[in-house]
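For reference, the structure is listed below as structure tokens.
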Amino acid sequence: MSQSKIIQILYDVIEEHDTNKDSEYIEQFDEVIKWEKILGKYMEEDKKFKEILFNYNLEYGSLCSMISRQCFQDGFLCGARLALEICGFERAEKL
């Protein structure tokens, strides 16, 4: 199997993984929504609190997204390096 074929297969595996279909992810997301509704209900009149909660959720979501993307990129690069080593690729020495 060619190196490019192995790399393409690894890439396809990453593309096929969808965290939105992951049952643990769904359970955690449902729990977050539940608590947000409870907090929202008790702090309905407090606009400052709602703004803080919204900004927190926005930033937390961005952080989770970046972490997830970084983990997948690192995993892909490690898999690609392993595939290349299996195929006999050797790193050229730097000058």
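Following the order of the structure tokens, first chain is A, next is B, and so on, with residues numbered from 1 inside each chain and ligands from 1 in the order they appear.
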
- [ ] Could you give me the residues within chain A that DSSP places in helix (DSSP H, G or I), as an NGL selection string?
- [x] :A and (3-16 or 19-21 or 23-42 or 47-86)

Nearby residues (only C-alpha atoms) at most 12 Å from range 49-62 of chain A, same-chain spacing under 2 positions excluded, as an mmCIF file with N, CA and C atoms, in the first residue's frame:
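Now in result18.cif:
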```cif
data_model
loop_
_atom_site.group_PDB
_atom_site.id
_atom_site.type_symbol
_atom_site.label_atom_id
_atom_site.label_comp_id
_atom_site.auth_asym_id
_atom_site.auth_seq_id
_atom_site.Cartn_x
_atom_site.Cartn_y
_atom_site.Cartn_z
ATOM 1 N N PHE A 29 -23.514 17.437 27.031
ATOM 2 C CA PHE A 29 -24.173 18.620 26.481
ATOM 3 C C PHE A 29 -25.560 18.785 27.080
ATOM 4 N N VAL A 32 -25.261 20.192 30.571
ATOM 5 C CA VAL A 32 -24.961 21.628 30.537
ATOM 6 C C VAL A 32 -26.230 22.421 30.269
ATOM 7 N N ILE A 33 -27.012 21.993 29.301
ATOM 8 C CA ILE A 33 -28.264 22.686 28.961
ATOM 9 C C ILE A 33 -29.210 22.690 30.154
ATOM 10 N N TRP A 35 -28.520 22.601 33.388
ATOM 11 C CA TRP A 35 -28.075 23.545 34.409
ATOM 12 C C TRP A 35 -28.195 24.989 33.946
ATOM 13 N N GLU A 36 -27.987 25.235 32.669
ATOM 14 C CA GLU A 36 -28.178 26.593 32.145
ATOM 15 C C GLU A 36 -29.635 27.034 32.297
ATOM 16 N N LYS A 37 -30.561 26.128 32.053
ATOM 17 C CA LYS A 37 -31.983 26.456 32.216
ATOM 18 C C LYS A 37 -32.314 26.745 33.670
ATOM 19 N N LEU A 39 -30.194 27.802 36.043
ATOM 20 C CA LEU A 39 -29.597 29.094 36.383
ATOM 21 C C LEU A 39 -30.382 30.243 35.765
ATOM 22 N N GLY A 40 -30.765 30.081 34.511
ATOM 23 C CA GLY A 40 -31.536 31.115 33.834
ATOM 24 C C GLY A 40 -32.870 31.383 34.508
ATOM 25 N N LYS A 41 -33.492 30.340 34.998
ATOM 26 C CA LYS A 41 -34.792 30.477 35.660
ATOM 27 C C LYS A 41 -34.681 31.291 36.944
ATOM 28 N N TYR A 42 -33.650 31.032 37.731
ATOM 29 C CA TYR A 42 -33.498 31.718 39.007
ATOM 30 C C TYR A 42 -32.902 33.116 38.865
ATOM 31 N N MET A 43 -32.246 33.371 37.760
ATOM 32 C CA MET A 43 -31.627 34.677 37.557
ATOM 33 C C MET A 43 -32.265 35.413 36.378
ATOM 34 N N GLU A 44 -33.531 35.162 36.169
ATOM 35 C CA GLU A 44 -34.245 35.710 35.026
ATOM 36 C C GLU A 44 -34.190 37.235 34.951
ATOM 37 N N GLU A 45 -34.230 37.880 36.080
ATOM 38 C CA GLU A 45 -34.260 39.345 36.108
ATOM 39 C C GLU A 45 -32.869 39.980 36.070
ATOM 40 N N ASP A 46 -31.854 39.197 36.332
ATOM 41 C CA ASP A 46 -30.497 39.727 36.434
ATOM 42 C C ASP A 46 -29.819 39.707 35.065
ATOM 43 N N LYS A 47 -29.869 40.824 34.362
ATOM 44 C CA LYS A 47 -29.317 40.897 33.009
ATOM 45 C C LYS A 47 -27.803 40.762 33.007
ATOM 46 N N CYS A 64 -13.365 24.425 24.005
ATOM 47 C CA CYS A 64 -13.594 23.002 23.719
ATOM 48 C C CYS A 64 -13.351 22.696 22.248
ATOM 49 N N SER A 65 -13.782 23.586 21.393
ATOM 50 C CA SER A 65 -13.585 23.407 19.957
ATOM 51 C C SER A 65 -12.102 23.392 19.603
ATOM 52 N N MET A 66 -11.347 24.319 20.169
ATOM 53 C CA MET A 66 -9.905 24.377 19.887
ATOM 54 C C MET A 66 -9.190 23.138 20.411
ATOM 55 N N ILE A 67 -9.553 22.700 21.612
ATOM 56 C CA ILE A 67 -8.925 21.513 22.190
ATOM 57 C C ILE A 67 -9.216 20.291 21.335
ATOM 58 N N SER A 68 -10.454 20.140 20.926
ATOM 59 C CA SER A 68 -10.840 19.006 20.089
ATOM 60 C C SER A 68 -10.090 19.007 18.770
ATOM 61 N N ARG A 69 -10.026 20.161 18.137
ATOM 62 C CA ARG A 69 -9.321 20.276 16.860
ATOM 63 C C ARG A 69 -7.837 19.948 17.025
#
```
